[in-house]
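Colleague: Quick one: the structure is below, and I'll ask about it shortly.
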There are 2 protein chains.
Amino acid sequence: MGERLVIIGGDAGGMAAATQARRTSQTLEIVAFERGADTSYSACGIPAVLGGEVFPLGALVAKTPDHFRKMNIDIRTRQLVTAVDFEARTVEVEDLVHRRHYKLGYDLLHFGTGATPARPELPGFDLSHVHGVQTLADAAGVLGFLEGRTLGDVVVVGGGYVGLEMAEAMIRRGARVTVVDASPEVMGTLDPDMGRLVARAMRMHGIAVRNDERVIGIDERAVHTDADGPGSAIPAELVILGLGVRPNAELAAAAGAELGVKGSIVVDRRQETSVEGVYAAGDCCQSIHLVSGRPVHVAVGTVANKMARVAGTNLAGGYATFAGVAGTAATRLCSTEIARTGLGEAEADHAAFDYVVGKVESTTKAGYFPGAEEMIVKLLAEKGSGRVLGAQIVGGPGSAKRIDTVVAALSARMDVDDLIGLDLAYAPFFSTVWDPLQIAARKAREAL
Amino acid sequence: MGERLVIIGGDAGGMAAATQARRTSQTLEIVAFERGADTSYSACGIPAVLGGEVFPLGALVAKTPDHFRKMNIDIRTRQLVTAVDFEARTVEVEDLVHRRHYKLGYDLLHFGTGATPARPELPGFDLSHVHGVQTLADAAGVLGFLEGRTLGDVVVVGGGYVGLEMAEAMIRRGARVTVVDASPEVMGTLDPDMGRLVARAMRMHGIAVRNDERVIGIDERAVHTDADGPGSAIPAELVILGLGVRPNAELAAAAGAELGVKGSIVVDRRQETSVEGVYAAGDCCQSIHLVSGRPVHVAVGTVANKMARVAGTNLAGGYATFAGVAGTAATRLCSTEIARTGLGEAEADHAAFDYVVGKVESTTKAGYFPGAEEMIVKLLAEKGSGRVLGAQIVGGPGSAKRIDTVVAALSARMDVDDLIGLDLAYAPFFSTVWDPLQIAARKAREAL
């Protein structure tokens with residue numbers, strides 16, 4: 001037997017590393033601990049299950065524990081790692097089924113401990129009708145609540161990606177939905193002018209949107225906010241939390257690993273933590289934004305998988321580096337698609353970039369084509385260099401994945417002329433002759 | 001009054017140059033000649049009009065002559081330029097309306113003369129039921145033929161983009177459609193294994209596909225091929241030609257401009273021809289393939305627009321260069337989308353690249369999501385360097401525009417690791433967690 005690699009966490013950040021390590025090395029012993037019963041599931045699919053689009057909940061499980069066992073990965077579910085000793089190279093484990101404790105030594109260690117949805121310490125957030133939607137267990141909780149019930153008033157706290165998707169899911173269930181968001185516009189990762197377009201689409205679909213309101217408490221019948229007047233108590237028989245996440249880094253921190261942005265685990269480009277031989281990947285750790293060069297905490301499944309692939313390669317003796325995150329995200333509200341990548345205006349300001357904006361209203365197909373829908377693109381480019389800094393899209397079907405072209409462009413440090421010159425695909429049923437991204441780039445070019 | 005720029009050709013290659021020249025300079029006098037009655041129309045939309053999806057034909061006119069006149073561009077329709085004298089700097093023009101001839105001097109000259117559909121010199125190709133579908137006049141001819149008629153047998157000669165789209169259009173009109181193609185597979189710009197997927201989709205939609213058959217003649221009732229046996233006469237009351245195009249370069253050649261690949265006008269990166277002060281853009285001229293570095297002739301509207309923008313900038317005293325073509329193309333057959341960019345296997349062989357292939361069957365959305373459809377991606381990467389050389393996609397709705405990510409990747413000379421590392425957009429209703437392009441890149445990576 002070769003060295004022993006211990007992995008903490010049975011979702012993407014952990015198991016994608018385990019898989020890649022096994023692909024890279026057949027001799028490594030791999031033991032993975034997961035405190036829950038499930039491995040590698042698509043948390044992103046939970047709103048679709050709760051909205052009734054996807055059935056059953058189990059469809060979200062990408063890979064079962066048995067899948068990993070067949071790869072000769074010793075996955076141990078319902079085992080909670082309670083402590084790590086970097087000196088002794090041991091982990092302490094609590095077997096949640098048999099309520100017993102044991103220690104295991106390791107040669108290499110990997111954290112894929114993920115993140116936990118924020119749940120403010122305010123009155124009523126612990127009530128039984130208040131649900132997060134991060135884990136399969138959370139989702140099962142909501143499904144149990146919905147069972148046999150005609151849904152009335154639902155309040156979604158937070159107007160980001162999860163909030164948006166859960167609002168749509170609850171509308172599909174026939175609920176009256178109110179989204180409460182503390183910021184001036186929903187979708188805080190978009191610039192306010194683009195967020196406003198999303199809010200407009202939400203209202204068109206019958207979702208009540210309340211911005212600039214902070215929730216101060218929840219009781220059995222209503223959500224209370226800091227807004228003045230009678231509107232501050234919003235009826236709610238079900239409350240969904242979509243307030244973002246915080247990295248699960250306590251275990252690593254307690255053992256002595258360095259933490260960074262928002263308390264996430266600091267890693268280098270090979271995903272190695274501040275402790276030699278100890279790696280981390282996914283929602284628990286920090287990454288570098290490839291446009292600003294600054295450390296950020298980004299908790300999304302795609303990034304977790306990419307980080308974990310890098311970590312797994314390195315853990316098994318290979319060599320790989322993580323390119324950094326572009327801050328890409330995409331979602332939809334019914335037929336309105338939303339995507340962003342790179343820096344928005346506030347981020348560009350914060351990173352001290354001097355920039356121009358190119359913004360256009362174009363269409364998803366040639367204007368004369370049936371089904372052509374509005375597609376609004378906003379593109380930021382650095383003054384002087386013309387370097388593409390970021391883009392945001394709100395538009396009809398087919399809009400969101402267009403952002404990938406900008407992801408590639410900013411990863412390659414292209415300038416707007418490079419983007420304008422790209423030989424992008426065209427047919428009138430797919431696009432305008434000049435792709436809307438390129439029209440936006442031309443606008444930015446004029447502003448430069 | 002400043003210098004006089006004369007432009008020959010009223011479609012994208014000409015008028016996009018005129019427009020950009022006007023944007024760049026307010027003092028330039030711009031005179032543009034178009035032999036037909038229309039300017040700047042979407043030839044790519046013609047199959048959709050003929051299939052009844054888009055109505056009326058006039059919807060395809062992007063910009064009327066009046067649009068250009070308002071920009072202070074002297075557009076003269078139904079004026080045929082019959083000769084050019086590079087020494088004297090004059091063009092000879094035939095006014096097709098009044099049947100008179102005149103000369104006009106120029107300081108700067110631009111060719112945007114386009115291309116003409118190939119029409120082999122074989123018996124019957126001049127019959128009245130044999131139609132090209134390149135110009136609005138062609139399209140009007142087919143519409144006239146269709147008027148009040150219940151369509152029976154239609155033969156489409158050529159199984160490329162136009163042939164495919166016209167086959168679908170005629171199916172929409174209720175015809176029995178046979179596509180005859182001289183090559184072993186349809187869609188010759190795809191590798192045969194990918195072309196086969198398109199042929200399969202065609203047959204599923206009731207289109208008869210006959211490969212390896214050359215048309216030897218057409219009569220009033222049938223198309224005759226070189227295939228042995230009774231199948232060689234294919235009933236046809238309407239014959240559509242989709243045999244590609246040849247550049248309209250005779251005028252430039254007669255005046256002394258250098259010709260290159262397939263008789264197209266040779267230009268440098270600024271779109272200047274071999275003659276100083278004379279530029280060209282669009283289907284009439286040659287370009288450089290940005291992967292192979294070799295001269296190619298690519299006749300598509302997007303490239304024409306991009307070349308013309310570069311030419312217009314330079315003609316008006318600015319500085320711009322054309323980045324080259326990637327050989328990107330996209331189309332669909334009903335709900336099957338098809339796209340390609342960069343080099344296919346035959347092109348890579350021809351350009352003496354040593355390469356590996358990554359090919360995957362993935363899905364357009366997360367596998368568990370309703371509406372997830374097959375998406376097959378083939379990616380070529382150079383041995384040794386890992387450089388991305390090209391990709392081809394055949395798949396369900398949402399597949400085709402994914403190719404743009406590869407366009408950007410190969411334009412930036414990314415290798416497969418760069419592509420694998422891209423922070424592409426994900427949500428289960430838009431994509432798999434690893435985008436199918438990245439799964440293909442991972443396969444190629446393993447093969448390297």
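Letters A, B, ... go to the chains of the structure tokens in the order shown; residues in each chain start at 1; ligands are counted from 1 in the same order.
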Can you work out which residues from chain A touch chain B at a cut-off of 7 Å (counting only C-alpha atoms) and hand them back as a PyMOL selection string?

Modeller: chain A and resi 44-45+54+59-60+302-303+306+322-323+325-326+328-331+368-370+398+401+404-405+407-409+412+421-428+433-434

Colleague: Per DSSP on the backbone, filter region 44-251 of chain A down to the residues in strand (DSSP E or B) and report them as a JSON list (two decimals) with N, CA, C and O atoms, in the first residue's frame.

Modeller:
[["chain", "number", "residue", "atom", "x", "y", "z"],
["A", 61, "VAL", "N", -28.43, 13.25, -7.14],
["A", 61, "VAL", "CA", -27.20, 12.58, -6.71],
["A", 61, "VAL", "C", -26.42, 12.13, -7.94],
["A", 61, "VAL", "O", -26.85, 11.29, -8.71],
["A", 74, "ASP", "N", -12.22, 4.71, -0.29],
["A", 74, "ASP", "CA", -12.89, 4.27, 0.94],
["A", 74, "ASP", "C", -13.74, 5.42, 1.48],
["A", 74, "ASP", "O", -13.32, 6.15, 2.37],
["A", 75, "ILE", "N", -14.94, 5.56, 0.93],
["A", 75, "ILE", "CA", -15.81, 6.67, 1.34],
["A", 75, "ILE", "C", -16.61, 6.23, 2.57],
["A", 75, "ILE", "O", -17.23, 5.17, 2.58],
["A", 76, "ARG", "N", -16.54, 7.06, 3.59],
["A", 76, "ARG", "CA", -17.23, 6.72, 4.85],
["A", 76, "ARG", "C", -18.24, 7.81, 5.16],
["A", 76, "ARG", "O", -17.88, 8.90, 5.60],
["A", 77, "THR", "N", -19.51, 7.51, 4.93],
["A", 77, "THR", "CA", -20.56, 8.51, 5.17],
["A", 77, "THR", "C", -20.98, 8.51, 6.62],
["A", 77, "THR", "O", -20.73, 7.56, 7.37],
["A", 79, "GLN", "N", -19.80, 10.18, 8.95],
["A", 79, "GLN", "CA", -18.61, 10.23, 9.80],
["A", 79, "GLN", "C", -18.16, 11.69, 9.82],
["A", 79, "GLN", "O", -17.83, 12.25, 8.79],
["A", 80, "LEU", "N", -18.18, 12.24, 11.02],
["A", 80, "LEU", "CA", -17.82, 13.65, 11.17],
["A", 80, "LEU", "C", -16.39, 13.78, 11.67],
["A", 80, "LEU", "O", -16.04, 13.25, 12.73],
["A", 81, "VAL", "N", -15.57, 14.50, 10.90],
["A", 81, "VAL", "CA", -14.21, 14.77, 11.37],
["A", 81, "VAL", "C", -14.29, 15.92, 12.36],
["A", 81, "VAL", "O", -14.78, 17.01, 12.02],
["A", 82, "THR", "N", -13.85, 15.67, 13.59],
["A", 82, "THR", "CA", -14.02, 16.67, 14.65],
["A", 82, "THR", "C", -12.74, 17.43, 14.95],
["A", 82, "THR", "O", -12.79, 18.52, 15.51],
["A", 83, "ALA", "N", -11.61, 16.87, 14.58],
["A", 83, "ALA", "CA", -10.35, 17.57, 14.84],
["A", 83, "ALA", "C", -9.26, 17.03, 13.92],
["A", 83, "ALA", "O", -9.33, 15.90, 13.44],
["A", 84, "VAL", "N", -8.28, 17.90, 13.67],
["A", 84, "VAL", "CA", -7.15, 17.53, 12.83],
["A", 84, "VAL", "C", -5.88, 17.92, 13.58],
["A", 84, "VAL", "O", -5.83, 18.97, 14.22],
["A", 85, "ASP", "N", -4.88, 17.09, 13.50],
["A", 85, "ASP", "CA", -3.59, 17.42, 14.10],
["A", 85, "ASP", "C", -2.53, 17.38, 13.00],
["A", 85, "ASP", "O", -2.14, 16.31, 12.53],
["A", 90, "THR", "N", -2.90, 13.29, 12.05],
["A", 90, "THR", "CA", -4.06, 12.44, 12.36],
["A", 90, "THR", "C", -5.35, 13.26, 12.26],
["A", 90, "THR", "O", -5.33, 14.48, 12.42],
["A", 91, "VAL", "N", -6.44, 12.56, 12.00],
["A", 91, "VAL", "CA", -7.76, 13.18, 12.11],
["A", 91, "VAL", "C", -8.54, 12.42, 13.17],
["A", 91, "VAL", "O", -8.38, 11.21, 13.34],
["A", 92, "GLU", "N", -9.39, 13.15, 13.89],
["A", 92, "GLU", "CA", -10.30, 12.52, 14.86],
["A", 92, "GLU", "C", -11.69, 12.48, 14.23],
["A", 92, "GLU", "O", -12.16, 13.50, 13.71],
["A", 93, "VAL", "N", -12.31, 11.31, 14.31],
["A", 93, "VAL", "CA", -13.58, 11.12, 13.60],
["A", 93, "VAL", "C", -14.66, 10.68, 14.57],
["A", 93, "VAL", "O", -14.40, 9.86, 15.46],
["A", 94, "GLU", "N", -15.87, 11.26, 14.40],
["A", 94, "GLU", "CA", -17.01, 10.76, 15.16],
["A", 94, "GLU", "C", -17.92, 9.99, 14.21],
["A", 94, "GLU", "O", -18.41, 10.54, 13.22],
["A", 95, "ASP", "N", -18.12, 8.72, 14.52],
["A", 95, "ASP", "CA", -19.05, 7.89, 13.75],
["A", 95, "ASP", "C", -20.46, 8.25, 14.22],
["A", 95, "ASP", "O", -20.85, 7.93, 15.34],
["A", 100, "ARG", "N", -19.43, 6.54, 18.06],
["A", 100, "ARG", "CA", -18.12, 6.26, 18.66],
["A", 100, "ARG", "C", -17.07, 7.12, 17.97],
["A", 100, "ARG", "O", -17.30, 7.68, 16.89],
["A", 101, "HIS", "N", -15.93, 7.26, 18.60],
["A", 101, "HIS", "CA", -14.87, 8.14, 18.12],
["A", 101, "HIS", "C", -13.64, 7.32, 17.79],
["A", 101, "HIS", "O", -13.36, 6.32, 18.45],
["A", 102, "TYR", "N", -12.93, 7.74, 16.74],
["A", 102, "TYR", "CA", -11.65, 7.08, 16.45],
["A", 102, "TYR", "C", -10.70, 8.05, 15.77],
["A", 102, "TYR", "O", -11.10, 9.11, 15.31],
["A", 103, "LYS", "N", -9.42, 7.69, 15.73],
["A", 103, "LYS", "CA", -8.40, 8.49, 15.08],
["A", 103, "LYS", "C", -7.89, 7.76, 13.85],
["A", 103, "LYS", "O", -7.88, 6.53, 13.82],
["A", 104, "LEU", "N", -7.48, 8.52, 12.85],
["A", 104, "LEU", "CA", -6.86, 7.90, 11.68],
["A", 104, "LEU", "C", -5.65, 8.73, 11.26],
["A", 104, "LEU", "O", -5.73, 9.96, 11.20],
["A", 105, "GLY", "N", -4.56, 8.09, 10.98],
["A", 105, "GLY", "CA", -3.37, 8.79, 10.51],
["A", 105, "GLY", "C", -3.44, 9.06, 9.02],
["A", 105, "GLY", "O", -4.18, 8.37, 8.29],
["A", 108, "LEU", "N", -1.25, 12.48, 3.53],
["A", 108, "LEU", "CA", -1.71, 13.67, 2.82],
["A", 108, "LEU", "C", -3.13, 13.96, 3.26],
["A", 108, "LEU", "O", -3.91, 13.03, 3.49],
["A", 109, "LEU", "N", -3.46, 15.25, 3.33],
["A", 109, "LEU", "CA", -4.80, 15.61, 3.81],
["A", 109, "LEU", "C", -5.43, 16.61, 2.85],
["A", 109, "LEU", "O", -4.74, 17.48, 2.30],
["A", 110, "HIS", "N", -6.73, 16.49, 2.69],
["A", 110, "HIS", "CA", -7.43, 17.42, 1.79],
["A", 110, "HIS", "C", -8.75, 17.87, 2.41],
["A", 110, "HIS", "O", -9.56, 17.06, 2.85],
["A", 111, "PHE", "N", -8.95, 19.19, 2.42],
["A", 111, "PHE", "CA", -10.21, 19.75, 2.91],
["A", 111, "PHE", "C", -11.16, 20.05, 1.75],
["A", 111, "PHE", "O", -10.82, 20.85, 0.86],
["A", 115, "ALA", "N", -19.33, 24.89, 2.39],
["A", 115, "ALA", "CA", -19.78, 26.13, 3.01],
["A", 115, "ALA", "C", -21.17, 25.91, 3.59],
["A", 115, "ALA", "O", -21.85, 24.95, 3.27],
["A", 116, "THR", "N", -21.55, 26.79, 4.46],
["A", 116, "THR", "CA", -22.86, 26.69, 5.12],
["A", 116, "THR", "C", -23.67, 27.97, 4.83],
["A", 116, "THR", "O", -23.12, 29.06, 4.93],
["A", 117, "PRO", "N", -24.94, 27.80, 4.48],
["A", 117, "PRO", "CA", -25.76, 28.99, 4.24],
["A", 117, "PRO", "C", -25.80, 29.88, 5.47],
["A", 117, "PRO", "O", -25.90, 29.39, 6.60],
["A", 130, "VAL", "N", -38.76, 27.82, 8.56],
["A", 130, "VAL", "CA", -37.67, 28.59, 7.96],
["A", 130, "VAL", "C", -36.62, 27.61, 7.43],
["A", 130, "VAL", "O", -36.03, 26.85, 8.20],
["A", 131, "HIS", "N", -36.43, 27.62, 6.11],
["A", 131, "HIS", "CA", -35.60, 26.58, 5.49],
["A", 131, "HIS", "C", -34.46, 27.16, 4.64],
["A", 131, "HIS", "O", -34.67, 28.07, 3.85],
["A", 153, "ASP", "N", -48.62, 32.07, 1.25],
["A", 153, "ASP", "CA", -47.59, 33.10, 1.21],
["A", 153, "ASP", "C", -46.21, 32.54, 1.53],
["A", 153, "ASP", "O", -46.01, 31.91, 2.56],
["A", 154, "VAL", "N", -45.27, 32.83, 0.65],
["A", 154, "VAL", "CA", -43.89, 32.42, 0.86],
["A", 154, "VAL", "C", -43.02, 33.67, 0.82],
["A", 154, "VAL", "O", -43.20, 34.53, -0.05],
["A", 155, "VAL", "N", -42.11, 33.78, 1.75],
["A", 155, "VAL", "CA", -41.13, 34.87, 1.72],
["A", 155, "VAL", "C", -39.74, 34.27, 1.48],
["A", 155, "VAL", "O", -39.35, 33.30, 2.14],
["A", 156, "VAL", "N", -39.06, 34.82, 0.48],
["A", 156, "VAL", "CA", -37.68, 34.42, 0.22],
["A", 156, "VAL", "C", -36.79, 35.55, 0.72],
["A", 156, "VAL", "O", -36.96, 36.70, 0.31],
["A", 157, "VAL", "N", -35.89, 35.23, 1.62],
["A", 157, "VAL", "CA", -34.99, 36.24, 2.18],
["A", 157, "VAL", "C", -33.68, 36.21, 1.39],
["A", 157, "VAL", "O", -32.94, 35.23, 1.43],
["A", 176, "ARG", "N", -47.94, 32.74, -3.43],
["A", 176, "ARG", "CA", -47.69, 34.18, -3.53],
["A", 176, "ARG", "C", -46.31, 34.40, -2.93],
["A", 176, "ARG", "O", -46.07, 34.04, -1.78],
["A", 177, "VAL", "N", -45.41, 34.99, -3.72],
["A", 177, "VAL", "CA", -44.01, 35.05, -3.28],
["A", 177, "VAL", "C", -43.54, 36.50, -3.13],
["A", 177, "VAL", "O", -43.78, 37.33, -3.99],
["A", 178, "THR", "N", -42.91, 36.76, -2.02],
["A", 178, "THR", "CA", -42.24, 38.04, -1.80],
["A", 178, "THR", "C", -40.75, 37.80, -1.58],
["A", 178, "THR", "O", -40.38, 36.93, -0.79],
["A", 179, "VAL", "N", -39.93, 38.55, -2.30],
["A", 179, "VAL", "CA", -38.49, 38.47, -2.08],
["A", 179, "VAL", "C", -38.06, 39.73, -1.34],
["A", 179, "VAL", "O", -38.36, 40.84, -1.76],
["A", 180, "VAL", "N", -37.39, 39.53, -0.22],
["A", 180, "VAL", "CA", -36.91, 40.65, 0.58],
["A", 180, "VAL", "C", -35.39, 40.71, 0.46],
["A", 180, "VAL", "O", -34.70, 39.72, 0.67],
["A", 208, "ALA", "N", -43.39, 39.65, -5.76],
["A", 208, "ALA", "CA", -43.24, 40.94, -5.09],
["A", 208, "ALA", "C", -41.78, 41.11, -4.68],
["A", 208, "ALA", "O", -41.19, 40.18, -4.12],
["A", 209, "VAL", "N", -41.20, 42.26, -5.02],
["A", 209, "VAL", "CA", -39.79, 42.49, -4.71],
["A", 209, "VAL", "C", -39.69, 43.66, -3.74],
["A", 209, "VAL", "O", -40.22, 44.74, -4.01],
["A", 210, "ARG", "N", -39.04, 43.45, -2.62],
["A", 210, "ARG", "CA", -38.88, 44.53, -1.65],
["A", 210, "ARG", "C", -37.39, 44.72, -1.37],
["A", 210, "ARG", "O", -36.75, 43.90, -0.71],
["A", 215, "VAL", "N", -34.48, 42.06, 7.11],
["A", 215, "VAL", "CA", -35.34, 41.25, 7.98],
["A", 215, "VAL", "C", -34.82, 41.38, 9.41],
["A", 215, "VAL", "O", -33.63, 41.26, 9.66],
["A", 216, "ILE", "N", -35.75, 41.67, 10.32],
["A", 216, "ILE", "CA", -35.33, 41.81, 11.72],
["A", 216, "ILE", "C", -35.83, 40.66, 12.58],
["A", 216, "ILE", "O", -35.40, 40.46, 13.71],
["A", 217, "GLY", "N", -36.75, 39.87, 12.01],
["A", 217, "GLY", "CA", -37.23, 38.73, 12.78],
["A", 217, "GLY", "C", -38.33, 37.99, 12.04],
["A", 217, "GLY", "O", -38.91, 38.51, 11.08],
["A", 218, "ILE", "N", -38.57, 36.77, 12.47],
["A", 218, "ILE", "CA", -39.59, 35.94, 11.85],
["A", 218, "ILE", "C", -40.44, 35.37, 12.96],
["A", 218, "ILE", "O", -39.93, 34.98, 14.02],
["A", 222, "ALA", "N", -45.39, 35.57, 9.99],
["A", 222, "ALA", "CA", -44.90, 36.68, 9.16],
["A", 222, "ALA", "C", -43.40, 36.88, 9.30],
["A", 222, "ALA", "O", -42.78, 36.44, 10.27],
["A", 223, "VAL", "N", -42.88, 37.56, 8.28],
["A", 223, "VAL", "CA", -41.48, 38.02, 8.33],
["A", 223, "VAL", "C", -41.53, 39.52, 8.60],
["A", 223, "VAL", "O", -42.29, 40.25, 7.97],
["A", 224, "HIS", "N", -40.75, 39.96, 9.57],
["A", 224, "HIS", "CA", -40.74, 41.37, 9.93],
["A", 224, "HIS", "C", -39.47, 42.04, 9.43],
["A", 224, "HIS", "O", -38.38, 41.49, 9.58],
["A", 225, "THR", "N", -39.64, 43.22, 8.84],
["A", 225, "THR", "CA", -38.49, 43.93, 8.32],
["A", 225, "THR", "C", -38.35, 45.29, 9.00],
["A", 225, "THR", "O", -39.23, 45.70, 9.76],
["A", 233, "ALA", "N", -44.62, 43.84, 8.10],
["A", 233, "ALA", "CA", -44.88, 42.43, 8.44],
["A", 233, "ALA", "C", -45.40, 41.75, 7.19],
["A", 233, "ALA", "O", -46.47, 42.08, 6.69],
["A", 234, "ILE", "N", -44.62, 40.82, 6.65],
["A", 234, "ILE", "CA", -45.00, 40.17, 5.39],
["A", 234, "ILE", "C", -45.47, 38.76, 5.72],
["A", 234, "ILE", "O", -44.69, 37.95, 6.25],
["A", 235, "PRO", "N", -46.72, 38.45, 5.42],
["A", 235, "PRO", "CA", -47.25, 37.13, 5.75],
["A", 235, "PRO", "C", -46.40, 36.02, 5.14],
["A", 235, "PRO", "O", -45.98, 36.15, 3.99],
["A", 238, "LEU", "N", -44.16, 29.94, 4.83],
["A", 238, "LEU", "CA", -42.88, 29.28, 4.56],
["A", 238, "LEU", "C", -41.85, 30.37, 4.27],
["A", 238, "LEU", "O", -42.14, 31.32, 3.53],
["A", 239, "VAL", "N", -40.69, 30.24, 4.88],
["A", 239, "VAL", "CA", -39.61, 31.20, 4.66],
["A", 239, "VAL", "C", -38.40, 30.45, 4.11],
["A", 239, "VAL", "O", -37.98, 29.44, 4.68],
["A", 240, "ILE", "N", -37.88, 30.94, 2.99],
["A", 240, "ILE", "CA", -36.70, 30.32, 2.37],
["A", 240, "ILE", "C", -35.53, 31.29, 2.51],
["A", 240, "ILE", "O", -35.67, 32.47, 2.21],
["A", 241, "LEU", "N", -34.39, 30.76, 2.91],
["A", 241, "LEU", "CA", -33.21, 31.61, 3.08],
["A", 241, "LEU", "C", -32.29, 31.50, 1.87],
["A", 241, "LEU", "O", -31.89, 30.41, 1.47],
["A", 245, "VAL", "N", -23.40, 32.12, 1.55],
["A", 245, "VAL", "CA", -22.80, 31.08, 2.40],
["A", 245, "VAL", "C", -21.52, 31.60, 3.06],
["A", 245, "VAL", "O", -20.95, 32.60, 2.63],
["A", 246, "ARG", "N", -21.11, 30.90, 4.09],
["A", 246, "ARG", "CA", -19.79, 31.17, 4.66],
["A", 246, "ARG", "C", -19.00, 29.87, 4.67],
["A", 246, "ARG", "O", -19.56, 28.78, 4.87],
["A", 247, "PRO", "N", -17.70, 29.97, 4.40],
["A", 247, "PRO", "CA", -16.87, 28.77, 4.25],
["A", 247, "PRO", "C", -16.79, 27.97, 5.55],
["A", 247, "PRO", "O", -16.72, 28.54, 6.63]]

Colleague: What is the distance, in Å and to one decimal place, between CA of Thr336 (chain B) and CA of Thr363 (chain B)?

Modeller: 12.6 Å

Colleague: Using Å and a single decimal, report how far CA of Lys365 (chain A) sits from CA of Gln271 (chain B).

Modeller: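 Going from CA of Gln271 (chain B) over to CA of Lys365 (chain A) covers 28.9 Å.
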
Colleague: Among the residues of region 5-44 of chain A, find those DSSP assigns to alpha helix (DSSP H) from the backbone and print them as a list in words.

Modeller: Ala17, Ala18, Thr19, Gln20, Ala21, Arg22, Arg23 and Thr24 of chain A

Colleague: Do a neighbour search on Thr113 (chain B) at 6 Å with only C-alpha atoms, toss out local chain neighbours closer than 6 positions, and write the hits as a ChimeraX atom specification.

Modeller: /B:9,248,284

Colleague: Using only C-alpha atoms, which protein or nucleic acid residues come within 10 Å of Gly344 (chain A)? Drop anything in the same chain fewer than 3 positions from it, and give the result as a list in words.

Modeller: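 Contacts, with the query itself left out: Gly188, Thr189, Leu190, Asp191, Pro192, Gly327, Arg340, Thr341, Glu347, Ala348, Asp349, His350, Lys378, Leu379, Leu380, Leu389, Gly390, Ala391 and Gln392 of chain A.
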
Colleague: Write a file of the selected residues as a compact mmCIF listing (two decimals), in the first residue's frame, keeping N, CA and C atoms.

Modeller:
# COMPACT_ATOMS: atom_id res chain seq x y z
N GLY A 188 -27.23 41.23 -6.41
CA GLY A 188 -26.15 42.13 -6.03
C GLY A 188 -24.85 41.90 -6.79
N THR A 189 -24.72 40.76 -7.47
CA THR A 189 -23.50 40.54 -8.24
C THR A 189 -23.59 41.20 -9.61
N LEU A 190 -24.78 41.72 -9.95
CA LEU A 190 -24.91 42.55 -11.16
C LEU A 190 -24.83 44.01 -10.76
N ASP A 191 -24.52 44.86 -11.73
CA ASP A 191 -24.61 46.29 -11.47
C ASP A 191 -26.09 46.65 -11.30
N PRO A 192 -26.37 47.73 -10.53
CA PRO A 192 -27.78 48.05 -10.25
C PRO A 192 -28.64 48.22 -11.51
N GLY A 327 -15.36 34.79 -11.64
CA GLY A 327 -16.60 35.30 -11.04
C GLY A 327 -17.79 35.11 -11.96
N ARG A 340 -23.21 36.72 -15.70
CA ARG A 340 -22.17 37.72 -15.45
C ARG A 340 -20.82 37.04 -15.36
N THR A 341 -19.78 37.79 -15.66
CA THR A 341 -18.42 37.31 -15.42
C THR A 341 -17.50 38.50 -15.24
N GLU A 347 -16.86 46.39 -8.36
CA GLU A 347 -15.61 45.63 -8.21
C GLU A 347 -14.46 46.31 -8.95
N ALA A 348 -14.77 46.83 -10.15
CA ALA A 348 -13.73 47.51 -10.93
C ALA A 348 -13.24 48.76 -10.18
N ASP A 349 -14.19 49.49 -9.60
CA ASP A 349 -13.83 50.66 -8.78
C ASP A 349 -12.93 50.23 -7.62
N HIS A 350 -13.40 49.19 -6.94
CA HIS A 350 -12.69 48.70 -5.76
C HIS A 350 -11.26 48.28 -6.11
N LYS A 378 -23.91 44.36 -21.09
CA LYS A 378 -23.08 45.44 -20.55
C LYS A 378 -21.67 44.91 -20.42
N LEU A 379 -20.73 45.65 -20.98
CA LEU A 379 -19.33 45.19 -21.01
C LEU A 379 -18.43 46.29 -20.44
N LEU A 380 -17.51 45.89 -19.59
CA LEU A 380 -16.54 46.84 -19.03
C LEU A 380 -15.17 46.62 -19.64
N LEU A 389 -12.79 43.66 -19.00
CA LEU A 389 -12.77 43.44 -17.54
C LEU A 389 -13.93 42.60 -17.06
N GLY A 390 -15.04 42.65 -17.79
CA GLY A 390 -16.20 41.88 -17.33
C GLY A 390 -17.40 42.16 -18.18
N ALA A 391 -18.44 41.37 -18.00
CA ALA A 391 -19.67 41.57 -18.76
C ALA A 391 -20.85 41.02 -17.98
N GLN A 392 -22.01 41.57 -18.29
CA GLN A 392 -23.27 41.12 -17.69
C GLN A 392 -24.31 41.03 -18.79
